[in-house]
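Peer 1: Contents of start_11.tsv (TSV, C-alpha atoms) are below:
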chain	number	residue	atom	x	y	z
A	585	MET	CA	193.97	-19.27	-30.45
A	586	ILE	CA	193.03	-22.82	-29.31
A	587	LYS	CA	190.04	-23.54	-27.11
A	588	VAL	CA	188.96	-27.08	-26.24
A	589	GLU	CA	185.66	-27.56	-24.40
A	590	GLN	CA	184.40	-30.76	-22.77
A	591	LEU	CA	186.11	-32.99	-25.33
A	592	ASN	CA	185.37	-36.71	-25.31
A	593	LYS	CA	186.66	-39.53	-27.48
A	594	VAL	CA	185.25	-43.03	-27.10
A	595	PHE	CA	186.52	-45.96	-29.17
A	596	HIS	CA	183.79	-48.48	-29.91
A	597	LEU	CA	185.47	-51.89	-30.05
A	598	LYS	CA	184.06	-55.40	-30.34
A	599	THR	CA	185.17	-56.03	-26.77
A	600	GLY	CA	183.43	-52.88	-25.52
A	601	ASP	CA	183.85	-49.12	-25.36
A	602	VAL	CA	187.24	-47.65	-24.48
A	603	ILE	CA	187.49	-44.05	-23.30
A	604	GLY	CA	190.45	-42.27	-24.89
A	605	VAL	CA	189.69	-38.70	-23.77
A	606	GLU	CA	187.16	-37.72	-21.12
A	607	ASP	CA	185.72	-34.25	-20.49
A	608	VAL	CA	188.89	-32.35	-21.38
A	609	SER	CA	188.90	-28.56	-21.49
A	610	PHE	CA	191.84	-26.17	-21.88
A	611	GLU	CA	192.96	-23.08	-23.77
A	612	VAL	CA	196.23	-22.21	-25.50
A	613	ASP	CA	197.11	-18.57	-26.12
A	614	ALA	CA	198.49	-17.37	-29.44
A	615	GLY	CA	202.30	-17.67	-29.55
A	616	GLU	CA	202.42	-19.99	-26.55
A	617	ILE	CA	204.21	-23.32	-26.15
A	618	PHE	CA	201.78	-25.61	-24.35
A	619	GLY	CA	202.82	-29.03	-23.08
A	620	ILE	CA	200.64	-32.08	-22.39
A	621	VAL	CA	202.43	-34.63	-20.23
A	622	GLY	CA	201.41	-38.09	-19.12
A	623	TYR	CA	202.49	-41.71	-18.99
A	624	SER	CA	201.80	-44.13	-21.84
A	625	GLY	CA	198.07	-44.75	-22.15
A	626	ALA	CA	197.10	-41.45	-20.51
A	627	GLY	CA	195.29	-40.30	-23.66
A	628	LYS	CA	197.63	-37.51	-24.67
A	629	SER	CA	198.29	-38.75	-28.24
A	630	THR	CA	194.57	-39.26	-28.80
A	631	LEU	CA	193.92	-35.74	-27.53
A	632	LEU	CA	196.55	-34.26	-29.83
A	633	ARG	CA	195.17	-36.11	-32.86
A	634	CYS	CA	191.73	-34.78	-32.02
A	635	LEU	CA	193.00	-31.21	-32.32
A	636	ASN	CA	193.32	-31.52	-36.11
A	637	LEU	CA	190.63	-34.19	-36.40
A	638	LEU	CA	192.93	-37.04	-37.34
A	639	GLU	CA	190.74	-38.59	-34.65
A	640	ARG	CA	187.21	-37.25	-34.71
A	641	PRO	CA	185.97	-36.58	-31.15
A	642	SER	CA	182.78	-38.21	-29.90
A	643	SER	CA	181.61	-34.90	-28.47
A	644	GLY	CA	182.83	-31.47	-27.43
A	645	SER	CA	184.22	-28.45	-29.26
A	646	ILE	CA	187.62	-27.54	-30.72
A	647	TYR	CA	188.08	-23.88	-31.62
A	648	ILE	CA	191.17	-22.78	-33.53
A	649	ASN	CA	191.27	-19.08	-34.38
A	650	ASP	CA	187.62	-18.83	-33.22
A	651	THR	CA	186.48	-21.52	-35.67
A	652	ASP	CA	184.90	-24.73	-34.37
A	653	LEU	CA	186.54	-27.43	-36.48
A	654	LEU	CA	183.79	-29.91	-35.68
A	655	GLU	CA	181.20	-27.66	-37.36
A	656	LEU	CA	183.08	-27.21	-40.65
A	657	PRO	CA	182.03	-28.89	-43.92
A	658	GLN	CA	184.69	-31.22	-45.35
A	659	LYS	CA	186.10	-28.73	-47.87
A	660	GLU	CA	186.47	-25.95	-45.30
A	661	LEU	CA	187.96	-28.42	-42.84
A	662	ARG	CA	190.67	-29.35	-45.35
A	663	GLU	CA	191.51	-25.67	-45.76
A	664	ALA	CA	191.56	-25.13	-41.99
A	665	ARG	CA	193.92	-28.07	-41.52
A	666	GLN	CA	196.51	-26.32	-43.68
A	667	SER	CA	197.00	-23.89	-40.80
A	668	ILE	CA	197.85	-26.79	-38.47
A	669	GLY	CA	201.24	-28.45	-38.93
A	670	MET	CA	202.11	-31.74	-37.23
A	671	ILE	CA	205.36	-33.58	-36.50
A	672	PHE	CA	205.64	-37.13	-35.24
A	673	GLN	CA	207.99	-39.30	-33.21
A	674	GLY	CA	208.46	-41.62	-36.21
A	675	PHE	CA	209.26	-38.84	-38.74
A	676	TYR	CA	207.08	-40.44	-41.51
A	677	LEU	CA	209.39	-39.43	-44.36
A	678	VAL	CA	209.11	-41.08	-47.77
A	679	SER	CA	212.29	-43.14	-48.07
A	680	SER	CA	212.36	-43.03	-51.87
A	681	LYS	CA	212.22	-39.23	-52.00
A	682	THR	CA	214.96	-36.69	-51.31
A	683	VAL	CA	214.85	-34.11	-48.55
A	684	TYR	CA	213.70	-31.55	-51.13
A	685	GLU	CA	210.92	-33.84	-52.37
A	686	ASN	CA	209.74	-34.71	-48.85
A	687	VAL	CA	209.35	-31.04	-47.93
A	688	SER	CA	207.85	-29.97	-51.28
A	689	PHE	CA	205.27	-32.77	-51.02
A	690	ALA	CA	203.34	-30.65	-48.50
A	691	LEU	CA	203.37	-27.71	-50.94
A	692	LYS	CA	202.12	-29.92	-53.74
A	693	ALA	CA	199.29	-31.27	-51.55
A	694	ALA	CA	198.25	-27.71	-50.73
A	695	GLY	CA	198.14	-26.71	-54.38
A	696	VAL	CA	201.07	-24.28	-54.24
A	697	PRO	CA	202.37	-23.49	-57.79
A	698	LYS	CA	205.50	-25.54	-58.61
A	699	GLN	CA	207.55	-22.46	-59.50
A	700	GLU	CA	207.27	-21.35	-55.86
A	701	TRP	CA	208.53	-24.62	-54.38
A	702	LYS	CA	212.29	-24.12	-54.65
A	703	GLU	CA	212.35	-20.77	-52.87
A	704	ARG	CA	210.07	-22.00	-50.07
A	705	VAL	CA	211.90	-25.31	-49.55
A	706	THR	CA	215.28	-23.54	-49.51
A	707	GLU	CA	213.95	-21.09	-46.93
A	708	LEU	CA	212.64	-23.90	-44.71
A	709	LEU	CA	215.78	-26.02	-44.92
A	710	ARG	CA	217.85	-22.98	-43.99
A	711	LEU	CA	215.59	-22.43	-40.99
A	712	VAL	CA	216.11	-26.00	-39.71
A	713	GLY	CA	219.82	-26.06	-40.58
A	714	LEU	CA	219.70	-28.59	-43.44
A	715	GLU	CA	220.28	-26.49	-46.56
A	716	ASP	CA	223.25	-28.76	-47.44
A	717	LYS	CA	221.11	-31.96	-47.30
A	718	VAL	CA	218.65	-30.99	-50.02
A	719	ASP	CA	219.48	-33.91	-52.36
A	720	GLN	CA	220.01	-36.60	-49.73
A	721	PHE	CA	217.58	-39.41	-48.90
A	722	PRO	CA	216.21	-40.19	-45.41
A	723	ALA	CA	218.48	-43.25	-45.08
A	724	GLN	CA	221.49	-40.93	-45.29
A	725	LEU	CA	220.31	-38.78	-42.37
A	726	SER	CA	220.62	-39.11	-38.62
A	727	GLY	CA	217.54	-39.26	-36.40
A	728	GLY	CA	217.84	-35.59	-35.52
A	729	GLN	CA	218.21	-34.61	-39.17
A	730	LYS	CA	215.12	-36.67	-40.10
A	731	GLN	CA	213.15	-34.82	-37.44
A	732	ARG	CA	214.36	-31.50	-38.82
A	733	VAL	CA	213.10	-32.50	-42.26
A	734	SER	CA	209.77	-33.44	-40.66
A	735	ILE	CA	209.63	-30.02	-38.98
A	736	ALA	CA	210.41	-28.25	-42.26
A	737	ARG	CA	207.64	-30.20	-43.99
A	738	ALA	CA	205.16	-29.31	-41.20
A	739	LEU	CA	206.01	-25.61	-41.66
A	740	ALA	CA	205.69	-25.64	-45.44
A	741	ASN	CA	202.23	-24.06	-45.56
A	742	ASN	CA	202.92	-21.35	-42.95
A	743	PRO	CA	200.77	-22.88	-40.20
A	744	SER	CA	199.70	-20.85	-37.20
A	745	VAL	CA	199.70	-23.99	-35.00
A	746	LEU	CA	202.30	-26.76	-34.76
A	747	LEU	CA	201.36	-30.04	-33.06
A	748	CYS	CA	204.26	-32.18	-31.81
A	749	ASP	CA	203.58	-35.85	-31.04
A	750	GLU	CA	206.46	-37.10	-28.84
A	751	ALA	CA	208.82	-35.30	-31.23
A	752	THR	CA	211.97	-36.00	-29.20
A	753	SER	CA	211.39	-39.31	-27.44
A	754	ALA	CA	213.23	-41.33	-30.13
A	755	LEU	CA	216.31	-39.10	-29.94
A	756	ASP	CA	219.43	-39.08	-27.78
A	757	PRO	CA	219.78	-36.33	-25.11
A	758	ASN	CA	222.04	-34.02	-27.17
A	759	THR	CA	219.84	-34.28	-30.25
A	760	THR	CA	216.73	-33.76	-28.11
A	761	GLN	CA	218.25	-30.52	-26.81
A	762	SER	CA	218.96	-29.29	-30.35
A	763	ILE	CA	215.39	-30.07	-31.50
A	764	LEU	CA	213.93	-28.26	-28.47
A	765	ASN	CA	216.13	-25.26	-29.25
A	766	LEU	CA	214.83	-25.35	-32.82
A	767	LEU	CA	211.20	-25.44	-31.65
A	768	GLN	CA	211.87	-22.45	-29.41
A	769	LYS	CA	213.43	-20.62	-32.35
A	770	ILE	CA	210.39	-21.37	-34.53
A	771	ASN	CA	208.04	-20.21	-31.80
A	772	ARG	CA	210.04	-17.04	-31.18
A	773	GLU	CA	210.83	-16.01	-34.77
A	774	LEU	CA	207.69	-17.16	-36.56
A	775	GLY	CA	205.19	-16.66	-33.74
A	776	ILE	CA	203.78	-20.15	-34.22
A	777	THR	CA	201.71	-21.59	-31.38
A	778	ILE	CA	203.06	-25.01	-30.36
A	779	VAL	CA	201.25	-27.83	-28.59
A	780	LEU	CA	203.47	-30.76	-27.70
A	781	ILE	CA	202.89	-34.01	-25.89
A	782	THR	CA	205.59	-35.84	-23.99
A	783	HIS	CA	206.24	-38.16	-21.07
A	784	GLU	CA	209.46	-36.30	-20.23
A	785	MET	CA	209.26	-33.49	-17.70
A	786	GLU	CA	212.69	-32.25	-18.86
A	787	VAL	CA	211.07	-31.29	-22.17
A	788	VAL	CA	208.29	-29.40	-20.39
A	789	LYS	CA	210.78	-27.68	-18.10
A	790	LYS	CA	212.90	-26.54	-21.01
A	791	ILE	CA	210.42	-24.90	-23.37
A	792	CYS	CA	206.77	-24.91	-22.22
A	793	ASP	CA	205.03	-21.75	-21.01
A	794	ARG	CA	202.15	-23.76	-19.55
A	795	CYS	CA	201.33	-27.43	-19.33
A	796	ALA	CA	198.64	-29.94	-18.48
A	797	VAL	CA	199.06	-33.33	-16.81
A	798	MET	CA	196.91	-36.20	-18.09
A	799	GLU	CA	195.87	-39.47	-16.47
A	800	ASP	CA	193.27	-41.98	-17.70
A	801	GLY	CA	192.05	-39.65	-20.43
A	802	ARG	CA	191.49	-36.67	-18.14
A	803	ILE	CA	193.50	-33.54	-17.34
A	804	VAL	CA	194.24	-33.73	-13.62
A	805	GLU	CA	196.18	-30.47	-13.33
A	806	GLN	CA	197.11	-27.53	-15.52
A	807	ALA	CA	198.93	-24.28	-14.81
A	808	SER	CA	202.01	-22.32	-15.80
A	809	THR	CA	205.01	-24.61	-16.06
A	810	TYR	CA	206.72	-22.78	-13.22
A	811	LYS	CA	203.72	-23.25	-10.93
A	812	ILE	CA	203.46	-26.93	-11.88
A	813	PHE	CA	207.09	-27.43	-10.84
A	814	SER	CA	207.10	-25.20	-7.77
A	815	GLN	CA	203.65	-26.02	-6.35
A	816	PRO	CA	202.36	-29.33	-7.77
A	817	LYS	CA	199.02	-30.30	-6.27
A	818	ASN	CA	198.07	-33.62	-7.86
A	819	GLU	CA	199.87	-36.79	-6.73
A	820	LEU	CA	200.70	-37.78	-10.32
A	821	THR	CA	202.13	-34.32	-10.99
A	822	GLN	CA	204.31	-34.65	-7.90
A	823	LYS	CA	205.65	-37.97	-9.21
A	824	PHE	CA	206.51	-36.40	-12.54
A	825	ILE	CA	208.25	-33.48	-10.86
A	826	ALA	CA	210.28	-35.89	-8.70
A	827	THR	CA	211.83	-37.35	-11.86
A	828	VAL	CA	213.44	-33.96	-12.48
A	829	LEU	CA	213.76	-32.39	-9.02
A	830	ASP	CA	214.44	-35.46	-6.89
A	831	ILE	CA	216.05	-34.32	-3.62
A	832	ASN	CA	214.85	-37.04	-1.26
A	833	LEU	CA	217.27	-37.79	1.54
A	834	PRO	CA	218.81	-41.27	1.75
A	835	ASP	CA	217.31	-43.24	4.65
A	836	LYS	CA	220.74	-43.61	6.28
A	837	LEU	CA	221.28	-39.85	6.37
A	838	ARG	CA	217.75	-39.21	7.60
A	839	LYS	CA	218.18	-41.65	10.52
A	840	GLU	CA	221.40	-39.92	11.58
A	841	CYS	CA	219.65	-36.54	11.94
A	842	THR	CA	218.74	-35.63	15.53
A	843	GLY	CA	217.53	-32.10	14.77
A	844	THR	CA	214.42	-30.95	12.94
A	845	VAL	CA	214.68	-31.47	9.17
A	846	VAL	CA	212.95	-28.89	6.99
A	847	GLN	CA	212.51	-28.48	3.26
A	848	LEU	CA	212.78	-24.93	1.95
A	849	LYS	CA	211.49	-23.87	-1.44
A	850	PHE	CA	212.86	-20.69	-3.02
A	851	ILE	CA	210.39	-19.50	-5.63
A	852	ASP	CA	211.02	-16.86	-8.32
A	853	GLY	CA	213.58	-14.25	-7.26
A	854	LEU	CA	213.95	-15.69	-3.76
A	855	ALA	CA	216.43	-18.27	-5.09
A	856	SER	CA	219.17	-15.62	-4.98
A	857	ASP	CA	218.26	-14.21	-1.53
A	858	SER	CA	220.38	-14.86	1.56
A	859	VAL	CA	217.46	-16.27	3.55
A	860	VAL	CA	219.35	-19.09	5.26
A	861	SER	CA	222.32	-16.98	6.35
A	862	ASP	CA	219.93	-14.26	7.59
A	863	MET	CA	218.00	-16.87	9.57
A	864	LEU	CA	221.15	-18.20	11.24
A	865	GLN	CA	222.27	-14.68	12.16
A	866	ASN	CA	218.88	-13.72	13.59
A	867	ASN	CA	218.11	-16.93	15.50
A	868	GLN	CA	219.92	-19.00	18.12
A	869	VAL	CA	220.07	-22.22	16.11
A	870	THR	CA	222.68	-24.10	14.15
A	871	GLY	CA	221.88	-25.23	10.64
A	872	ASN	CA	223.30	-27.89	8.38
A	873	ILE	CA	222.44	-28.09	4.67
A	874	LEU	CA	221.82	-31.75	3.88
A	875	HIS	CA	220.76	-31.57	0.27
A	876	GLY	CA	219.58	-29.06	-2.30
A	877	LYS	CA	219.69	-27.67	-5.80
A	878	VAL	CA	218.68	-24.69	-7.88
A	879	ASP	CA	216.98	-25.54	-11.15
A	880	TYR	CA	215.70	-23.32	-13.93
A	881	ILE	CA	212.18	-23.52	-15.34
A	882	LYS	CA	212.28	-21.62	-18.64
A	883	ASP	CA	215.23	-19.63	-17.22
A	884	VAL	CA	213.44	-18.74	-13.95
A	885	PRO	CA	215.22	-20.14	-10.85
A	886	LEU	CA	213.58	-22.61	-8.49
A	887	GLY	CA	215.57	-23.63	-5.43
A	888	VAL	CA	214.80	-26.54	-3.11
A	889	PHE	CA	216.96	-27.19	-0.03
A	890	ILE	CA	216.77	-29.60	2.89
A	891	MET	CA	218.47	-28.60	6.13
A	892	GLU	CA	218.70	-29.75	9.71
A	893	LEU	CA	218.05	-27.24	12.52
A	894	LYS	CA	219.37	-27.74	16.05
A	895	GLY	CA	218.64	-25.81	19.23
A	896	THR	CA	215.95	-25.72	21.88
A	897	GLN	CA	212.41	-26.43	20.74
A	898	LYS	CA	211.58	-22.75	21.13
A	899	GLU	CA	214.62	-21.65	19.14
A	900	VAL	CA	213.86	-24.09	16.33
A	901	ASP	CA	210.20	-23.01	16.21
A	902	GLN	CA	211.27	-19.36	16.01
A	903	ALA	CA	213.73	-20.16	13.20
A	904	ILE	CA	211.04	-22.01	11.22
A	905	ASP	CA	208.63	-19.11	11.75
A	906	TYR	CA	211.33	-16.73	10.42
A	907	LEU	CA	211.85	-18.93	7.36
A	908	TYR	CA	208.13	-19.16	6.70
A	909	LYS	CA	207.73	-15.37	6.79
A	910	ARG	CA	210.51	-15.00	4.23
A	911	LEU	CA	209.75	-17.96	1.95
A	912	LYS	CA	206.12	-19.03	2.53
A	913	HIS	CA	207.13	-22.53	1.38
A	914	VAL	CA	208.62	-24.37	4.36
A	915	GLU	CA	207.80	-27.96	5.25
A	916	VAL	CA	208.93	-29.90	8.33
A	917	ILE	CA	209.75	-33.37	7.02
A	918	GLN	CA	211.17	-34.81	10.25
A	919	HIS	CA	210.83	-33.66	13.85
A	920	GLY	CA	213.95	-33.74	16.00
A	921	THR	CA	214.75	-34.28	19.64
A	922	HIS	CA	215.54	-30.93	21.22
A	923	ARG	CA	216.80	-29.96	24.63
Once more with this new file: its structure as structure tokens, please.
Peer 2:
Amino acid sequence: MIKVEQLNKVFHLKTGDVIGVEDVSFEVDAGEIFGIVGYSGAGKSTLLRCLNLLERPSSGSIYINDTDLLELPQKELREARQSIGMIFQGFYLVSSKTVYENVSFALKAAGVPKQEWKERVTELLRLVGLEDKVDQFPAQLSGGQKQRVSIARALANNPSVLLCDEATSALDPNTTQSILNLLQKINRELGITIVLITHEMEVVKKICDRCAVMEDGRIVEQASTYKIFSQPKNELTQKFIATVLDINLPDKLRKECTGTVVQLKFIDGLASDSVVSDMLQNNQVTGNILHGKVDYIKDVPLGVFIMELKGTQKEVDQAIDYLYKRLKHVEVIQHGTHR
């Protein structure tokens, strides 16, 4: 569906060259929701705008449906762009036009006959839950409603790809949740491939099948969303994950621990297994759960627990070995004093 190869974007300024995107390669499967996450200035917005050539890359290739956009003549490029919808953080609605007129504008630009507008706009507004707002103006709408109009407009020409540029970062948490649910519905019911950029790992956790982490114009890590959360490798990725799955022990509690403190990670179906109780029954140690939580990455459980183990050094080592054989993801984060 989408294939990006060795993409580069350099901005030539009077003060010198600025690299926006550097040697980026990734693929997005048809029907997938793919997230690109990074802090401000990471290059993610520039990368997204390159995908439909709002920003023309300095070099590289962008294939959408096996067609290299960079090789297309201008007329064919305009036609190809109709299959790529885009929604923005700032909505970009025309304030002097009604909801109906804002959505139908995309149909007019694509040359769709006017007699077909009403049926299509009605269908789209029903999809986004705004069929009763057809004659209202943007100033009469909430932020979430404005974004729904923007989504309806982006879907007007039946795109196969939807690009989302920080589509929820200007919204409150409840409205963000409703927009993410809507994007999932669009992906599921219409089969549209979605690429979204965000600086919020909660957004990635909620709806993305796979994601990439960007820093200084480069992708530093990419994998399935579950693997990114359960086994982050890059230091920046680990920082992002900590904003969502922060289970660090307070220093005061850590100093009070005399036993060995271990972190256990329950991946996939293991989150519902009785590993800890089995370990305590099969080993001569006492255990104390200090902290932990079970989170859900696209409805798949991920559990992280911190516990203190007490016993002789041999007993503790045997208990940790037992845990490792069951979980594979066990980390000693503080050694204790054992008899």
Peer 1: Under the rule that only C-alpha atoms are counted, which of A:Arg838, A:Arg910, A:Lys628, A:Lys659 is the nearest residue to Met863 (chain A)?
Peer 2: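 Going through A:Arg838, A:Arg910, A:Lys628, A:Lys659 one by one, the smallest distance to Met863 (chain A) is for A:Arg910.
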Peer 1: Grab the CA of Gln761 (chain A) to CA of Glu784 (chain A) distance for me, in Å with one decimal place.
Peer 2: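 CA of Glu784 (chain A) lies at a distance of 12.4 Å from CA of Gln761 (chain A).
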Peer 1: Please provide the set of residues having any atom within 10 Å of region 869-871 of chain A, restricted to only C-alpha atoms, with same-chain residues fewer than 5 positions apart removed, written as a VMD selection string.
Peer 2: chain A and resid 843 to 845 860 to 861 863 to 864 891 to 903
Peer 1: For the residues selected in the previous step, produce a file with C-alpha atoms as a CSV table (one decimal), in the coordinates of the input.
Peer 2:
chain,number,residue,atom,x,y,z
A,843,GLY,CA,217.5,-32.1,14.8
A,844,THR,CA,214.4,-31.0,12.9
A,845,VAL,CA,214.7,-31.5,9.2
A,860,VAL,CA,219.4,-19.1,5.3
A,861,SER,CA,222.3,-17.0,6.4
A,863,MET,CA,218.0,-16.9,9.6
A,864,LEU,CA,221.2,-18.2,11.2
A,891,MET,CA,218.5,-28.6,6.1
A,892,GLU,CA,218.7,-29.8,9.7
A,893,LEU,CA,218.0,-27.2,12.5
A,894,LYS,CA,219.4,-27.7,16.0
A,895,GLY,CA,218.6,-25.8,19.2
A,896,THR,CA,216.0,-25.7,21.9
A,897,GLN,CA,212.4,-26.4,20.7
A,898,LYS,CA,211.6,-22.8,21.1
A,899,GLU,CA,214.6,-21.6,19.1
A,900,VAL,CA,213.9,-24.1,16.3
A,901,ASP,CA,210.2,-23.0,16.2
A,902,GLN,CA,211.3,-19.4,16.0
A,903,ALA,CA,213.7,-20.2,13.2
Peer 1: List as a PyMOL selection string the protein and nucleic acid residues near Ser667 (chain A), meaning an atom at most 9 Å away when all atoms listed in the file are counted, but skip any in the same chain fewer than 2 places from it.
Peer 2: chain A and resi 663-665+669+741-746
Peer 1: Filtering to C-alpha atoms, could you give me those residues as a PDB file, keeping the file's coordinate frame?
Peer 2:
ATOM      1  CA  GLU A 663     191.510 -25.670 -45.760  1.00  0.00           C
ATOM      2  CA  ALA A 664     191.560 -25.130 -41.990  1.00  0.00           C
ATOM      3  CA  ARG A 665     193.920 -28.070 -41.520  1.00  0.00           C
ATOM      4  CA  GLY A 669     201.240 -28.450 -38.930  1.00  0.00           C
ATOM      5  CA  ASN A 741     202.230 -24.060 -45.560  1.00  0.00           C
ATOM      6  CA  ASN A 742     202.920 -21.350 -42.950  1.00  0.00           C
ATOM      7  CA  PRO A 743     200.770 -22.880 -40.200  1.00  0.00           C
ATOM      8  CA  SER A 744     199.700 -20.850 -37.200  1.00  0.00           C
ATOM      9  CA  VAL A 745     199.700 -23.990 -35.000  1.00  0.00           C
ATOM     10  CA  LEU A 746     202.300 -26.760 -34.760  1.00  0.00           C
TER      11      LEU A 746
END
Peer 1: Kindly provide the residues of region 727-823 of chain A that approach region 684-707 of chain A to within 7 Å, each paired with its closest atom pair and their distance in Å to one decimal, based on all atoms listed in the file, listed by chain and increasing number, as a Markdown table.
Peer 2:
| residue | atom | partner | partner_atom | distance |
| --- | --- | --- | --- | --- |
| A:Val733 | CA | A:Val687 | CA | 7.0 |
| A:Ala736 | CA | A:Val687 | CA | 6.4 |
| A:Arg737 | CA | A:Val687 | CA | 4.4 |
| A:Ala740 | CA | A:Leu691 | CA | 6.3 |
| A:Asn741 | CA | A:Leu691 | CA | 6.6 |
Peer 1: So, with all atoms listed in the file as the atoms that count, which of A:Thr782, A:Thr921, A:Gln673, A:Thr821 lies closest to Lys730 (chain A)?
Peer 2: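 Smallest distance to Lys730 (chain A) is found for A:Gln673.
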Peer 1: I want to know what sits within 12 Å of Pro641 (chain A), based on only C-alpha atoms, with residues of the same chain fewer than 6 positions away left out; could you give that as a list in words?
Peer 2: Val588, Glu589, Gln590, Leu591, Asn592, Lys593, Val594, Phe595, Ile603, Gly604, Val605, Glu606, Asp607, Val608, Thr630, Leu631, Leu632, Arg633, Cys634, Leu635, Leu653, Leu654 and Glu655 of chain A
Peer 1: Could you work out how far CA of Tyr908 (chain A) lies from CA of Ile851 (chain A), giving the answer in Å with one decimal?
Peer 2: 12.5 Å
Peer 1: Which one is closest to Gly920 (chain A): A:Asp883, A:Leu774, A:Glu840, A:Val878? Count all atoms listed in the file.
Peer 2: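 Of A:Asp883, A:Leu774, A:Glu840, A:Val878, the one nearest Gly920 (chain A) is A:Glu840, counting all atoms listed in the file.
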Peer 1: Would you mind telling me which residue in A:Ser679, A:Thr777, A:Ser858, A:Gln768 lies nearest to Ile648 (chain A) when using all atoms listed in the file?
Peer 2: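 Of all the options, A:Thr777 lies closest to Ile648 (chain A).
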Peer 1: So how far away is CA of Asp756 (chain A) from CA of Ala738 (chain A), in Å?
Peer 2: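 Atom-to-atom, CA of Ala738 (chain A) and CA of Asp756 (chain A) are spaced 21.9 Å apart.
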Peer 1: Name the residues within 12 Å of (217.9, -42.6, -42.4), counting all atoms listed in the file in the file's coordinates, and put them as a list in words.
Peer 2: Gly674, Phe675, Tyr676, Leu677, Val678, Ser679, Ser680, Lys681, Thr682, Val683, Gln720, Phe721, Pro722, Ala723, Gln724, Leu725, Ser726, Gly727, Gly728, Gln729, Lys730, Gln731 and Val733 of chain A
Peer 1: Find the residue from A:Gly801, A:Gly644, A:Gly600, A:Gly713 that sits nearest to Val621 (chain A); use all atoms listed in the file when measuring.
Peer 2: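 Among the listed residues, the smallest separation from Val621 (chain A) belongs to A:Gly801.
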Peer 1: Excluding same-chain residues fewer than 2 positions from Lys877 (chain A), what lies within 10 Å of it counting all atoms listed in the file, as a PyMOL selection string?
Peer 2: chain A and resi 829-831+855+875+879+886-890
Peer 1: Have a look at A:Ile763, A:Val602, A:Leu597, A:Gly625 and name the one nearest to Met798 (chain A); count all atoms listed in the file.
Peer 2: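 Closest residue, counting all atoms listed in the file: A:Gly625.
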Peer 1: Model the absent atoms of region 731-741 of chain A so that N, CA, C and O atoms are present, and write the result as a short mmCIF file (atom, residue, chain, number, x, y, z; two decimals), keeping the file's coordinate frame.
Peer 2:
data_model
loop_
_atom_site.label_atom_id
_atom_site.label_comp_id
_atom_site.auth_asym_id
_atom_site.auth_seq_id
_atom_site.Cartn_x
_atom_site.Cartn_y
_atom_site.Cartn_z
N GLN A 731 214.17 -35.61 -38.13
CA GLN A 731 213.15 -34.82 -37.44
C GLN A 731 213.15 -33.38 -37.93
O GLN A 731 212.08 -32.75 -38.02
N ARG A 732 214.29 -32.85 -38.28
CA ARG A 732 214.36 -31.50 -38.82
C ARG A 732 213.66 -31.41 -40.18
O ARG A 732 213.00 -30.41 -40.48
N VAL A 733 213.82 -32.46 -40.99
CA VAL A 733 213.10 -32.50 -42.26
C VAL A 733 211.59 -32.54 -41.99
O VAL A 733 210.80 -31.84 -42.66
N SER A 734 211.18 -33.34 -41.02
CA SER A 734 209.77 -33.44 -40.66
C SER A 734 209.23 -32.09 -40.20
O SER A 734 208.11 -31.71 -40.54
N ILE A 735 210.04 -31.35 -39.45
CA ILE A 735 209.63 -30.02 -38.98
C ILE A 735 209.50 -29.06 -40.16
O ILE A 735 208.53 -28.30 -40.27
N ALA A 736 210.47 -29.11 -41.07
CA ALA A 736 210.41 -28.25 -42.26
C ALA A 736 209.16 -28.54 -43.07
O ALA A 736 208.48 -27.61 -43.55
N ARG A 737 208.85 -29.81 -43.24
CA ARG A 737 207.64 -30.20 -43.99
C ARG A 737 206.38 -29.68 -43.29
O ARG A 737 205.45 -29.19 -43.94
N ALA A 738 206.34 -29.76 -41.96
CA ALA A 738 205.16 -29.31 -41.20
C ALA A 738 204.97 -27.80 -41.30
O ALA A 738 203.86 -27.29 -41.16
N LEU A 739 206.08 -27.07 -41.57
CA LEU A 739 206.01 -25.61 -41.66
C LEU A 739 205.78 -25.11 -43.08
O LEU A 739 205.65 -23.91 -43.30
N ALA A 740 205.71 -26.02 -44.03
CA ALA A 740 205.69 -25.64 -45.44
C ALA A 740 204.56 -24.68 -45.79
O ALA A 740 204.75 -23.74 -46.58
N ASN A 741 203.40 -24.86 -45.19
CA ASN A 741 202.23 -24.06 -45.56
C ASN A 741 201.97 -22.91 -44.58
O ASN A 741 200.83 -22.45 -44.45
#
